[in-house]
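Visitor: So I've got this file, coords37.txt, and it contains compact mmCIF, C-alpha atoms:
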# COMPACT_ATOMS: atom_id res chain seq x y z
CA MET A 240 103.88 134.52 97.73
CA ASP A 241 107.00 132.63 96.64
CA TYR A 242 106.11 128.97 97.22
CA SER A 243 109.28 127.73 95.49
CA LYS A 244 111.17 128.19 98.76
CA TYR A 245 108.78 125.84 100.56
CA LYS A 246 109.69 122.23 101.21
CA VAL A 247 107.42 119.47 99.92
CA SER A 248 106.16 118.72 103.43
CA GLN A 249 105.27 122.41 103.94
CA LEU A 250 103.43 122.52 100.61
CA LYS A 251 101.43 119.42 101.55
CA THR A 252 100.53 120.95 104.91
CA GLU A 253 99.30 124.13 103.26
CA LEU A 254 97.33 122.20 100.63
CA LYS A 255 95.61 120.15 103.35
CA LYS A 256 94.70 123.28 105.26
CA ARG A 257 93.06 124.70 102.14
CA GLY A 258 91.22 121.46 101.36
CA LEU A 259 93.18 120.74 98.17
CA ARG A 260 94.76 117.56 96.82
CA VAL A 261 98.29 116.92 98.04
CA LYS A 262 99.36 114.43 95.37
CA GLY A 263 101.70 115.25 92.51
CA LEU A 264 105.06 116.85 91.85
CA LYS A 265 106.28 119.96 93.66
CA ARG A 266 105.52 122.28 90.74
CA GLU A 267 101.97 120.92 90.55
CA MET A 268 101.45 121.67 94.25
CA ILE A 269 102.78 125.21 93.74
CA ASN A 270 100.43 125.75 90.81
CA ARG A 271 97.42 124.70 92.92
CA LEU A 272 98.39 127.11 95.67
CA LYS A 273 98.90 129.96 93.17
CA GLU A 274 95.51 129.30 91.59
CA THR A 275 93.97 129.46 95.06
CA ASP A 276 95.76 132.77 95.78
CA GLU A 277 94.35 134.21 92.55
CA MET A 278 90.84 133.20 93.63
CA PHE A 279 91.39 134.91 96.97
CA GLN A 280 92.58 138.10 95.24
CA GLN A 281 89.57 138.16 92.92
CA ASN A 282 87.31 138.03 95.99
CA ASN A 283 89.40 140.66 97.87
CA ILE A 284 90.53 138.15 100.50
CA THR A 285 94.07 138.13 101.82
CA PRO A 286 95.18 134.49 101.98
CA GLY A 287 97.10 133.66 105.09
CA ILE A 288 98.85 130.44 105.95
CA GLY A 289 96.23 127.94 107.05
CA GLU A 290 93.21 129.93 105.80
CA LEU A 291 90.55 127.58 104.42
CA ILE A 292 88.58 128.16 101.27
CA LYS A 293 84.97 128.59 102.19
CA GLY A 294 81.70 128.67 100.32
CA PRO A 295 81.54 128.08 96.57
CA GLN A 296 85.29 128.49 96.24
CA GLN A 297 85.85 125.41 98.40
CA SER A 298 83.67 123.14 96.31
CA GLN A 299 85.26 124.57 93.16
CA ALA A 300 88.75 123.92 94.48
CA GLN A 301 87.95 120.42 95.67
CA THR A 302 86.36 119.38 92.37
CA PRO A 303 89.20 117.78 90.42
CA SER A 304 89.83 119.28 87.01
CA PRO A 305 90.31 117.03 83.95
CA LEU A 306 94.05 117.67 84.20
CA GLU A 307 94.11 116.66 87.87
CA SER A 308 92.06 113.57 87.10
CA GLU A 309 94.49 112.64 84.33
CA ASP A 310 97.44 113.21 86.67
CA HIS A 311 95.74 110.97 89.23
CA HIS A 312 95.47 108.11 86.72
CA ILE A 313 99.09 108.65 85.62
CA ILE A 314 100.29 108.45 89.24
CA ARG A 315 98.23 105.30 89.85
CA GLU A 316 99.65 103.70 86.70
CA GLN A 317 103.17 104.66 87.78
CA HIS A 318 102.54 103.03 91.17
CA ARG A 319 101.43 99.86 89.41
CA LEU A 320 104.58 99.78 87.27
CA ASP A 321 106.74 100.40 90.34
CA ARG A 322 105.07 97.48 92.16
CA GLU A 323 105.64 95.21 89.18
CA GLU A 324 109.30 96.20 89.18
CA ARG A 325 109.62 95.58 92.93
CA ALA A 326 107.86 92.21 92.56
CA LYS A 327 110.95 91.00 90.67
CA ILE A 328 113.00 91.28 93.86
CA THR A 329 112.64 87.70 95.11
CA LEU A 330 114.98 85.03 96.44
CA TRP A 331 114.70 82.93 93.26
CA LYS A 332 115.26 85.84 90.84
CA LYS A 333 117.67 88.16 92.68
CA PRO A 334 118.87 86.25 95.76
CA ILE A 335 121.80 88.52 96.71
CA THR A 336 119.85 91.76 96.30
CA THR A 337 116.86 90.30 98.12
CA LEU A 338 118.90 89.13 101.11
CA ALA A 339 120.77 92.45 101.29
CA TYR A 340 117.55 94.47 101.17
CA PHE A 341 115.96 92.13 103.72
CA VAL A 342 118.81 92.69 106.18
CA LEU A 343 118.73 96.46 105.64
CA GLU A 344 114.95 96.68 106.06
CA THR A 345 115.14 94.55 109.20
CA TRP A 346 117.78 96.94 110.56
CA VAL A 347 115.61 99.96 109.72
CA ILE A 348 112.65 98.36 111.52
CA LEU A 349 114.75 97.57 114.60
CA VAL A 350 116.14 101.11 114.71
CA GLY A 351 112.60 102.47 114.39
CA TRP A 352 111.41 100.32 117.26
CA CYS A 353 114.34 101.44 119.43
CA HIS A 354 113.56 105.06 118.59
CA ARG A 355 109.91 104.63 119.58
CA LEU A 356 110.94 102.91 122.81
CA TRP A 357 113.25 105.82 123.60
CA LEU A 358 110.49 108.35 122.93
CA ASN A 359 108.25 106.40 125.32
CA ARG A 360 111.02 105.63 127.81
CA ARG A 361 108.82 106.46 130.83
CA LYS A 362 106.24 103.90 129.79
CA VAL A 363 109.02 101.42 129.00
CA ALA A 364 110.56 101.98 132.42
CA GLY A 365 107.20 101.45 134.15
CA THR A 366 106.49 98.31 132.12
CA SER A 367 110.00 96.96 132.84
CA LEU A 368 109.54 97.59 136.56
CA LEU A 369 106.22 95.74 136.51
CA ALA A 370 107.80 92.85 134.57
CA ALA A 371 110.65 92.68 137.09
CA CYS A 372 108.15 92.46 139.99
CA ILE A 373 106.25 89.68 138.22
CA LEU A 374 109.53 87.86 137.55
CA VAL A 375 110.47 88.05 141.23
CA LEU A 376 107.07 86.69 142.28
CA TYR A 377 107.42 83.93 139.69
CA HIS A 378 110.71 82.66 141.17
CA ILE A 379 109.95 83.10 144.88
CA GLU A 380 108.84 79.85 146.51
CA GLY A 381 105.54 79.86 148.34
CA SER A 382 101.90 78.83 148.33
CA HIS A 383 101.20 81.35 145.56
CA GLN A 384 103.16 79.24 143.06
CA VAL A 385 100.08 77.12 142.37
CA TYR A 386 98.21 80.15 141.07
CA VAL A 387 101.28 81.57 139.33
CA GLN A 388 101.80 78.38 137.35
CA ARG A 389 98.11 78.22 136.47
CA VAL A 390 98.11 81.83 135.23
CA ARG A 391 101.36 81.28 133.32
CA LYS A 392 99.98 78.22 131.58
CA GLN A 393 96.76 79.95 130.57
CA ALA A 394 98.58 83.10 129.43
CA VAL A 395 101.04 81.17 127.26
CA TRP A 396 98.20 79.08 125.81
CA CYS A 397 96.14 82.17 124.96
CA LEU A 398 99.06 84.11 123.49
CA TYR A 399 99.97 81.11 121.35
CA TRP A 400 96.56 81.04 119.67
CA VAL A 401 96.29 84.83 119.40
CA GLY A 402 99.65 84.85 117.63
CA LEU A 403 98.55 82.15 115.20
CA GLY A 404 95.36 84.10 114.50
CA ILE A 405 97.34 87.27 113.74
CA LEU A 406 99.64 85.35 111.38
CA SER A 407 96.58 84.03 109.57
CA SER A 408 95.11 87.44 108.68
CA VAL A 409 97.71 90.18 109.10
CA GLY A 410 98.88 89.98 105.49
CA LEU A 411 102.56 89.46 106.38
CA GLY A 412 104.10 87.75 103.38
CA THR A 413 101.56 85.35 101.89
CA GLY A 414 99.83 84.75 105.23
CA LEU A 415 99.94 81.46 107.11
CA HIS A 416 96.78 79.34 107.04
CA THR A 417 96.96 78.53 110.73
CA PHE A 418 93.37 77.27 110.98
CA LEU A 419 94.08 74.45 108.52
CA LEU A 420 97.52 73.75 109.98
CA TYR A 421 96.97 74.14 113.74
CA LEU A 422 93.52 74.98 115.10
CA GLY A 423 91.55 72.66 112.78
CA PRO A 424 93.71 69.59 113.55
CA HIS A 425 93.61 70.43 117.27
CA ILE A 426 89.79 70.55 117.28
CA ALA A 427 89.68 67.33 115.23
CA SER A 428 92.00 65.56 117.71
CA VAL A 429 89.90 66.67 120.68
CA THR A 430 86.74 65.55 118.88
CA LEU A 431 88.09 62.08 118.07
CA ALA A 432 89.40 61.68 121.63
CA ALA A 433 86.14 62.89 123.21
CA PHE A 434 84.01 60.33 121.35
CA GLU A 435 86.53 57.54 121.95
CA CYS A 436 86.96 58.30 125.68
CA GLN A 437 83.34 59.38 126.20
CA SER A 438 84.74 62.30 128.22
CA VAL A 439 86.46 65.64 127.76
CA ASP A 440 88.08 65.67 131.21
CA PHE A 441 91.51 64.78 129.86
CA PRO A 442 94.31 64.59 132.46
CA GLU A 443 96.33 67.83 132.80
CA PRO A 444 99.19 67.38 132.29
CA PRO A 445 99.82 66.05 129.66
CA TYR A 446 96.84 67.84 128.00
CA PRO A 447 96.99 69.90 125.81
CA ASP A 448 100.42 68.66 124.68
CA GLU A 449 99.12 65.12 124.58
CA ILE A 450 95.61 63.72 124.91
CA MET A 451 94.93 60.71 127.13
CA CYS A 452 91.65 59.19 128.19
CA PRO A 453 90.73 59.72 131.86
CA ASP A 454 90.28 56.71 134.17
CA SER A 455 86.54 57.32 134.35
CA HIS A 456 84.01 58.43 131.78
CA SER A 457 80.51 59.79 131.77
CA ASP A 458 77.50 57.48 131.67
CA TYR A 459 75.85 59.82 129.18
CA PRO A 460 76.72 59.72 125.47
CA MET A 461 79.17 62.35 124.28
CA SER A 462 77.59 65.43 122.69
CA ILE A 463 79.06 68.00 120.32
CA TRP A 464 78.26 70.77 122.82
CA SER A 465 80.73 69.27 125.30
CA VAL A 466 83.44 69.32 122.63
CA ILE A 467 82.56 72.91 121.66
CA SER A 468 82.92 73.94 125.31
CA LYS A 469 86.28 72.15 125.58
CA VAL A 470 87.90 74.05 122.69
CA ARG A 471 86.08 77.36 123.20
CA LEU A 472 89.05 79.24 124.74
CA GLU A 473 91.62 78.46 122.04
CA ALA A 474 89.07 79.03 119.27
CA PHE A 475 88.07 82.42 120.70
CA MET A 476 91.70 83.49 121.08
CA TRP A 477 92.49 82.46 117.52
CA GLY A 478 89.45 84.43 116.31
CA ALA A 479 90.55 87.45 118.36
CA GLY A 480 93.97 87.21 116.72
CA THR A 481 92.39 87.27 113.24
CA ALA A 482 90.41 90.37 114.28
CA LEU A 483 93.65 92.09 115.36
CA GLY A 484 95.20 91.15 112.03
CA GLU A 485 92.46 93.09 110.19
CA LEU A 486 93.46 96.41 111.78
CA PRO A 487 96.36 97.44 109.47
CA PRO A 488 94.13 98.01 106.37
CA TYR A 489 91.73 100.04 108.54
CA PHE A 490 94.47 102.27 109.97
CA MET A 491 96.14 102.68 106.57
CA ALA A 492 92.91 103.88 104.91
CA LYS A 493 92.02 106.13 107.85
CA ALA A 494 95.46 107.76 107.86
CA ALA A 495 95.26 108.26 104.09
CA ARG A 496 91.85 109.93 104.37
CA LEU A 497 92.91 112.25 107.20
CA SER A 498 96.24 113.23 105.66
CA GLY A 499 95.09 113.42 102.04
CA TYR A 500 98.08 111.28 101.05
CA GLU A 501 97.39 108.33 98.77
CA PRO A 502 99.55 105.37 99.85
CA ASP A 503 101.34 103.23 97.30
CA ASN A 504 99.32 100.18 98.28
CA GLU A 505 97.69 97.81 95.82
CA ASP A 506 94.62 97.13 97.97
CA TYR A 507 93.98 100.83 98.58
CA GLU A 508 94.39 101.74 94.92
CA GLU A 509 92.05 98.88 94.01
CA PHE A 510 89.55 100.34 96.47
CA GLU A 511 89.82 103.77 94.84
CA ALA A 512 89.48 102.19 91.39
CA PHE A 513 86.23 100.38 92.13
CA MET A 514 84.86 103.46 93.95
CA GLU A 515 84.89 105.12 90.54
CA HIS A 516 82.28 102.56 89.42
CA ILE A 517 79.70 103.90 91.90
CA GLY A 518 76.73 105.22 89.98
CA GLU A 519 77.35 103.08 86.91
CA ASP A 520 74.75 100.72 85.50
CA PRO A 521 75.14 97.37 87.36
CA LYS A 522 74.60 95.53 84.06
CA GLU A 523 77.85 97.03 82.75
CA GLN A 524 79.85 95.80 85.78
CA ASP A 525 81.40 92.38 86.18
CA PHE A 526 80.50 90.08 89.07
CA ALA A 527 83.62 90.93 91.14
CA THR A 528 82.95 94.67 90.92
CA ARG A 529 79.28 94.23 91.89
CA LEU A 530 80.32 92.07 94.85
CA LYS A 531 82.86 94.63 96.07
CA LEU A 532 80.40 97.48 95.68
CA GLY A 533 77.81 95.44 97.59
CA ILE A 534 80.22 94.99 100.51
CA GLN A 535 81.12 98.68 100.43
CA LYS A 536 77.46 99.76 100.47
CA LEU A 537 76.60 97.26 103.22
CA VAL A 538 79.38 98.51 105.47
CA GLN A 539 78.75 102.21 104.72
CA ARG A 540 74.96 102.15 105.11
CA VAL A 541 74.37 99.55 107.83
CA GLY A 542 77.45 100.36 109.91
CA PHE A 543 78.08 98.08 112.90
CA PHE A 544 75.76 95.29 111.77
CA GLY A 545 77.10 95.47 108.21
CA ILE A 546 80.65 94.97 109.48
CA LEU A 547 79.37 92.20 111.75
CA ALA A 548 77.75 90.43 108.79
CA CYS A 549 80.94 90.62 106.73
CA ALA A 550 83.09 89.34 109.62
CA SER A 551 80.77 86.47 110.57
CA ILE A 552 81.25 84.47 107.37
CA PRO A 553 84.36 83.24 105.53
CA ASN A 554 85.03 86.36 103.48
CA PRO A 555 88.26 86.77 101.47
CA LEU A 556 87.22 90.37 100.70
CA PHE A 557 87.10 91.48 104.35
CA ASP A 558 90.22 93.64 103.79
CA LEU A 559 87.93 95.72 101.58
CA ALA A 560 85.55 96.21 104.52
CA GLY A 561 88.46 97.39 106.68
CA ILE A 562 89.64 99.84 104.02
CA THR A 563 86.06 101.08 103.54
CA CYS A 564 85.65 101.68 107.29
CA GLY A 565 88.96 103.51 107.47
CA HIS A 566 88.20 105.62 104.40
CA PHE A 567 84.80 106.71 105.72
CA LEU A 568 86.25 107.31 109.21
CA VAL A 569 84.13 104.70 110.99
CA PRO A 570 84.99 104.90 114.73
CA PHE A 571 87.63 102.41 115.82
CA TRP A 572 85.53 100.61 118.42
CA THR A 573 82.62 100.27 116.01
CA PHE A 574 84.89 98.54 113.47
CA PHE A 575 86.95 96.47 115.90
CA GLY A 576 83.99 95.54 118.12
CA ALA A 577 81.96 94.22 115.18
CA THR A 578 85.01 92.45 113.76
CA LEU A 579 85.86 90.82 117.10
CA ILE A 580 82.31 89.58 117.71
CA GLY A 581 81.96 88.37 114.13
CA LYS A 582 85.28 86.54 113.88
CA ALA A 583 85.90 85.36 117.44
CA VAL A 584 82.32 84.41 118.36
CA ILE A 585 79.98 83.86 115.40
CA LYS A 586 82.36 82.73 112.65
CA MET A 587 84.48 80.71 115.06
CA HIS A 588 81.47 78.74 116.30
CA ILE A 589 80.48 77.99 112.70
CA GLN A 590 83.97 76.67 111.92
CA LYS A 591 84.16 74.70 115.17
CA LEU A 592 80.79 73.10 114.53
CA PHE A 593 81.82 72.09 111.01
CA VAL A 594 85.07 70.44 112.17
CA ILE A 595 83.41 68.70 115.13
CA LEU A 596 80.56 67.33 113.01
CA THR A 597 83.02 66.14 110.37
CA PHE A 598 85.29 64.31 112.84
CA SER A 599 82.64 62.91 115.18
CA GLU A 600 82.83 59.13 115.46
CA HIS A 601 79.84 58.34 113.26
CA HIS A 602 80.76 60.72 110.45
CA VAL A 603 84.39 59.59 110.37
CA GLU A 604 83.28 56.00 109.86
CA VAL A 605 80.92 57.09 107.08
CA LEU A 606 83.68 59.08 105.37
CA VAL A 607 86.09 56.14 105.51
CA GLU A 608 83.42 53.84 104.04
CA LEU A 609 82.71 56.33 101.25
CA LEU A 610 86.45 56.61 100.58
CA GLY A 611 86.62 52.87 99.97
CA LYS A 612 83.90 53.09 97.32
CA ILE A 613 85.95 55.36 95.05
CA PRO A 614 86.94 53.27 92.01
CA LYS A 615 90.56 52.06 91.83
CA VAL A 616 92.14 54.56 94.28
CA GLY A 617 89.56 54.13 97.07
CA PRO A 618 90.54 50.74 98.58
CA PRO A 619 94.31 51.49 98.69
CA LEU A 620 93.57 54.78 100.50
CA GLN A 621 91.03 53.26 102.88
CA VAL A 622 93.53 50.89 104.54
CA PRO A 623 96.05 53.54 105.76
CA PHE A 624 93.20 55.77 106.94
CA ARG A 625 91.76 52.94 109.07
CA ASP A 626 95.21 52.09 110.42
CA TYR A 627 95.88 55.71 111.33
CA LEU A 628 92.56 56.09 113.19
CA GLU A 629 93.12 52.80 115.03
CA LYS A 630 96.60 53.86 116.17
CA GLN A 631 95.28 57.21 117.38
CA LYS A 632 92.58 55.47 119.42
CA ASN A 633 95.14 53.11 120.98
CA LYS A 634 97.36 56.06 121.96
CA LEU A 635 94.46 57.60 123.88
CA HIS A 636 94.26 54.62 126.27
CA HIS A 637 97.92 54.33 127.27
CA LYS A 638 98.99 55.42 130.75
CA THR A 639 101.67 57.92 131.73
CA GLY A 640 105.10 56.32 131.57
CA GLU A 641 104.03 53.52 129.22
CA THR A 642 105.86 53.26 125.92
CA VAL A 643 103.73 53.41 122.82
CA ALA A 644 104.77 51.67 119.63
CA GLN A 645 105.63 54.35 117.11
CA GLY A 646 104.54 53.01 113.75
CA THR A 647 105.12 54.85 110.52
CA ASN A 648 102.09 56.08 108.61
CA TRP A 649 102.31 57.89 105.31
CA LEU A 650 99.35 60.13 106.20
CA SER A 651 101.10 61.65 109.21
CA TRP A 652 104.34 61.85 107.23
CA VAL A 653 102.65 63.76 104.40
CA PHE A 654 100.92 66.15 106.81
CA GLU A 655 104.18 66.89 108.65
CA LYS A 656 105.99 67.62 105.38
CA LEU A 657 103.07 69.80 104.23
CA ILE A 658 103.35 71.91 107.39
CA ILE A 659 107.11 72.27 106.91
CA ILE A 660 106.69 73.32 103.27
CA MET A 661 104.00 75.90 104.09
CA VAL A 662 106.00 77.39 106.98
CA VAL A 663 109.17 77.60 104.85
CA TYR A 664 107.23 79.24 102.01
CA PHE A 665 105.72 81.68 104.52
CA ILE A 666 109.20 82.63 105.78
CA ILE A 667 110.45 83.08 102.21
CA SER A 668 107.49 85.32 101.42
CA ILE A 669 108.31 87.47 104.48
CA VAL A 670 111.91 87.85 103.27
CA ASN A 671 110.67 88.87 99.80
CA SER A 672 108.11 91.27 101.26
CA LEU A 673 110.62 93.07 103.50
CA ALA A 674 113.15 93.28 100.65
CA GLN A 675 110.50 94.83 98.37
CA ARG A 676 109.55 97.26 101.14
CA TYR A 677 113.18 98.44 101.33
CA ALA A 678 113.23 98.86 97.54
CA LYS A 679 110.13 101.06 97.87
CA ARG A 680 111.89 103.03 100.61
CA LEU A 681 114.83 103.72 98.25
CA HIS A 682 112.43 104.69 95.44
CA ASP A 683 110.58 107.15 97.69
CA LYS A 684 113.87 108.74 98.79
CA LYS A 685 114.85 109.28 95.16
CA ASN A 686 111.48 110.89 94.39
CA ASP A 687 111.72 113.20 97.41
CA ALA A 688 115.24 114.21 96.37
CA LYS A 689 114.02 115.08 92.86
CA GLN A 690 111.13 117.18 94.19
CA THR A 691 113.31 119.12 96.60
Translate this structure into structure tokens?

Guide:
Amino acid sequence: MDYSKYKVSQLKTELKKRGLRVKGLKREMINRLKETDEMFQQNNITPGIGELIKGPQQSQAQTPSPLESEDHHIIREQHRLDREERAKITLWKKPITTLAYFVLETWVILVGWCHRLWLNRRKVAGTSLLAACILVLYHIEGSHQVYVQRVRKQAVWCLYWVGLGILSSVGLGTGLHTFLLYLGPHIASVTLAAFECQSVDFPEPPYPDEIMCPDSHSDYPMSIWSVISKVRLEAFMWGAGTALGELPPYFMAKAARLSGYEPDNEDYEEFEAFMEHIGEDPKEQDFATRLKLGIQKLVQRVGFFGILACASIPNPLFDLAGITCGHFLVPFWTFFGATLIGKAVIKMHIQKLFVILTFSEHHVEVLVELLGKIPKVGPPLQVPFRDYLEKQKNKLHHKTGETVAQGTNWLSWVFEKLIIIMVVYFIISIVNSLAQRYAKRLHDKKNDAKQT
């Protein structure tokens, strides 16, 4: 059969049907198919399109030869060199090229979205009709407006924290540490206000935009469980957002396993590299490799509870768990269910408890006292910290409409500038990432043109 007339996509389809590797140049794919045809002829089998190799021939065909293994390492090394070359496309090294590629990649993404919307135009039309009905109900006056406004407020509040959770873990750019910048300070503010006001029934409005002490307070001392209950919704939504952000590595690895195509992704190639260490003597492996292999074995052998264990603790290697689950075709709801429970329930309660204990009234006073005992730098730092806490307490007791003296404090000034710097750096990293993605798109087009 003359495979030279086949396109690359057709060759890959035929290789997948026969259980063979689909990586490599066009001539390498043709050679694999010809070798398979020869095996069929030796066994008096007529190979048809889509016929699978069965029995011993299948295992023989799927066992990579030394040449294939060498080609695999060459391709992986070429991917690494290509990534290093693309990493040079940044705003501070190649600003004009980066901005041009960023605009072009953004346009490609928008066109792709429009194309998908057109393909699903019936669903889009139904969703638009439903949105129009909701919009009409939202603007019509009536007794239902009380419930509409309540639902709107809760929906916006939940979507806000889900979005911040996604930004924290989705891997877009450098990632935005939204727990340190948003959720952590919010929980700390509620904790300080709860112990100062001896109540968590803050007036709404202005809560959550502004915290004010209620006119009455409980006769019982404030407990950390009341504070945990007060911030449970936003903490759960943020945790759910982080769970959603862990899905891309899972889907990428699952698609790669099902298609037989190895993506040009650093995390996935790192996963394949450390998988080659399975079976080696643990004494010959470094600590990082042993840790990664331990996570891989835990997820593969224990399943749901292994994923749950990895998701329930602060784990910078959780992307590895997602790639492992996708590679071994773990069912979606097993992976996402364990991830959601681990991140949004277990891990989130651990983080909440830590922040609340740290910023409870007694512990804050202890921390400020300990700060003053640091030689030389302690006393100068202790004064602005005390002033800042005192001003925050005074703000809690003002009434609606009263003007509050806005004093300047270098702590709040530094924190505001830190947030601005991190957000700006996050935006710059997104621009660089999209520009590098467009450079990869151009590189892939050139490779496809050479093969065809």

Visitor: For A:Phe475, find every residue with an atom within 7 Å (counting all atoms listed in the file), except residues of its own chain fewer than 3 positions away, and show them as a PyMOL selection string.

Guide: chain A and resi 471-472+478-479+583-584+587

Visitor: For a quick check of understanding, using only C-alpha atoms, which of A:Ala339, A:Val607, A:Val662, A:Leu368 has the smallest distance to A:Val622?

Guide: A:Val607

Visitor: Near stretch 595-604 of chain A, counting all atoms listed in the file, which residues have an atom at most 12 Å away, once you skip same-chain residues fewer than 6 positions from it, shown as an mmCIF file with C-alpha atoms, in the frame of the given file?

Guide:
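Produced file part.cif, reproduced below:
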data_model
loop_
_atom_site.group_PDB
_atom_site.id
_atom_site.type_symbol
_atom_site.label_atom_id
_atom_site.label_comp_id
_atom_site.auth_asym_id
_atom_site.auth_seq_id
_atom_site.Cartn_x
_atom_site.Cartn_y
_atom_site.Cartn_z
ATOM 1 C CA LEU A 422 93.520 74.980 115.100
ATOM 2 C CA GLY A 423 91.550 72.660 112.780
ATOM 3 C CA PRO A 424 93.710 69.590 113.550
ATOM 4 C CA HIS A 425 93.610 70.430 117.270
ATOM 5 C CA ILE A 426 89.790 70.550 117.280
ATOM 6 C CA ALA A 427 89.680 67.330 115.230
ATOM 7 C CA SER A 428 92.000 65.560 117.710
ATOM 8 C CA VAL A 429 89.900 66.670 120.680
ATOM 9 C CA THR A 430 86.740 65.550 118.880
ATOM 10 C CA LEU A 431 88.090 62.080 118.070
ATOM 11 C CA ALA A 432 89.400 61.680 121.630
ATOM 12 C CA ALA A 433 86.140 62.890 123.210
ATOM 13 C CA PHE A 434 84.010 60.330 121.350
ATOM 14 C CA GLU A 435 86.530 57.540 121.950
ATOM 15 C CA CYS A 436 86.960 58.300 125.680
ATOM 16 C CA GLN A 437 83.340 59.380 126.200
ATOM 17 C CA PRO A 460 76.720 59.720 125.470
ATOM 18 C CA MET A 461 79.170 62.350 124.280
ATOM 19 C CA SER A 462 77.590 65.430 122.690
ATOM 20 C CA ILE A 463 79.060 68.000 120.320
ATOM 21 C CA TRP A 464 78.260 70.770 122.820
ATOM 22 C CA SER A 465 80.730 69.270 125.300
ATOM 23 C CA VAL A 466 83.440 69.320 122.630
ATOM 24 C CA ILE A 467 82.560 72.910 121.660
ATOM 25 C CA SER A 468 82.920 73.940 125.310
ATOM 26 C CA LYS A 469 86.280 72.150 125.580
ATOM 27 C CA VAL A 470 87.900 74.050 122.690
ATOM 28 C CA HIS A 588 81.470 78.740 116.300
ATOM 29 C CA ILE A 589 80.480 77.990 112.700
ATOM 30 C CA LEU A 610 86.450 56.610 100.580
ATOM 31 C CA GLY A 611 86.620 52.870 99.970
ATOM 32 C CA GLN A 621 91.030 53.260 102.880
ATOM 33 C CA PHE A 624 93.200 55.770 106.940
ATOM 34 C CA ARG A 625 91.760 52.940 109.070
ATOM 35 C CA LEU A 628 92.560 56.090 113.190
ATOM 36 C CA GLU A 629 93.120 52.800 115.030
ATOM 37 C CA LYS A 632 92.580 55.470 119.420
#

Visitor: Kindly extract all protein, DNA and RNA residues lying within 8 Å of the coordinates (97.1, 72.7, 136.2) given in the file, considering only C-alpha atoms, and supply them as a PyMOL selection string.

Guide: chain A and resi 388-389+392+443-444

Visitor: Could you tell me which of A:Asn671, A:Ser243, A:Gln535, A:Gln590 comes closest to A:Leu338 if we count only C-alpha atoms?

Guide: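 So, comparing all the options, the nearest one is A:Asn671.
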
Visitor: Taking only C-alpha atoms into account, name the residue in A:Pro447, A:Asp683, A:Val347, A:Ala688 that is nearest to A:Asp321.

Guide: A:Asp683

Visitor: Here is a test: counting all atoms listed in the file, which residue of A:Ile580, A:Ile534, A:Leu673, A:Ala492 is nearest to A:Ile328?

Guide: A:Leu673

Visitor: List the spatial neighbours of A:Thr578 as a PyMOL selection string - criterion: any atom at most 7 Å away, all atoms listed in the file, same-chain residues fewer than 2 positions off excluded.

Guide: chain A and resi 482+546-547+550+574-576+580-582

Visitor: For the selection you just gave me, I'd like the residues written to a file as a PDB file, in the frame of the given file, keeping C-alpha atoms.

Guide:
ATOM      1  CA  ALA A 482      90.410  90.370 114.280  1.00  0.00           C
ATOM      2  CA  ILE A 546      80.650  94.970 109.480  1.00  0.00           C
ATOM      3  CA  LEU A 547      79.370  92.200 111.750  1.00  0.00           C
ATOM      4  CA  ALA A 550      83.090  89.340 109.620  1.00  0.00           C
ATOM      5  CA  PHE A 574      84.890  98.540 113.470  1.00  0.00           C
ATOM      6  CA  PHE A 575      86.950  96.470 115.900  1.00  0.00           C
ATOM      7  CA  GLY A 576      83.990  95.540 118.120  1.00  0.00           C
ATOM      8  CA  ILE A 580      82.310  89.580 117.710  1.00  0.00           C
ATOM      9  CA  GLY A 581      81.960  88.370 114.130  1.00  0.00           C
ATOM     10  CA  LYS A 582      85.280  86.540 113.880  1.00  0.00           C
TER      11      LYS A 582
END

Visitor: In Å, how far is it from atom CA of A:Met451 to atom CA of A:Lys586?

Guide: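 About the pair atom CA of A:Met451 and atom CA of A:Lys586: they are 29.2 Å apart.
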
Visitor: Restricting the calculation to all atoms listed in the file, which member of A:Arg391, A:His416, A:Arg676, A:His682 is positioned closest to A:Tyr664?

Guide: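 Counting all atoms listed in the file, the residue closest to A:Tyr664 is A:His416.
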
Visitor: Report, in Å with one decimal, the straight-line distance from atom CA of A:Phe441 to atom CA of A:Val594.

Guide: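 One can read the atom CA of A:Phe441 to atom CA of A:Val594 distance as 19.7 Å.
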
Visitor: Here is a test: counting only C-alpha atoms, which residue of A:Val538, A:Ile562, A:Ile669, A:Met268 is nearest to A:Glu344?

Guide: A:Ile669

Visitor: Give me the residues within 12 Å of A:Pro570 as a ChimeraX atom specification, counting all atoms listed in the file and dropping any in the same chain fewer than 2 places off.

Guide: /A:489-490,493,542-543,561,563-568,572-577

Visitor: Save the residues we just selected, C-alpha atoms, as a CSV table (one decimal), in the frame of the given file?

Guide:
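Below is the file result.csv, written as the result:
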chain,number,residue,atom,x,y,z
A,489,TYR,CA,91.7,100.0,108.5
A,490,PHE,CA,94.5,102.3,110.0
A,493,LYS,CA,92.0,106.1,107.8
A,542,GLY,CA,77.4,100.4,109.9
A,543,PHE,CA,78.1,98.1,112.9
A,561,GLY,CA,88.5,97.4,106.7
A,563,THR,CA,86.1,101.1,103.5
A,564,CYS,CA,85.6,101.7,107.3
A,565,GLY,CA,89.0,103.5,107.5
A,566,HIS,CA,88.2,105.6,104.4
A,567,PHE,CA,84.8,106.7,105.7
A,568,LEU,CA,86.2,107.3,109.2
A,572,TRP,CA,85.5,100.6,118.4
A,573,THR,CA,82.6,100.3,116.0
A,574,PHE,CA,84.9,98.5,113.5
A,575,PHE,CA,87.0,96.5,115.9
A,576,GLY,CA,84.0,95.5,118.1
A,577,ALA,CA,82.0,94.2,115.2
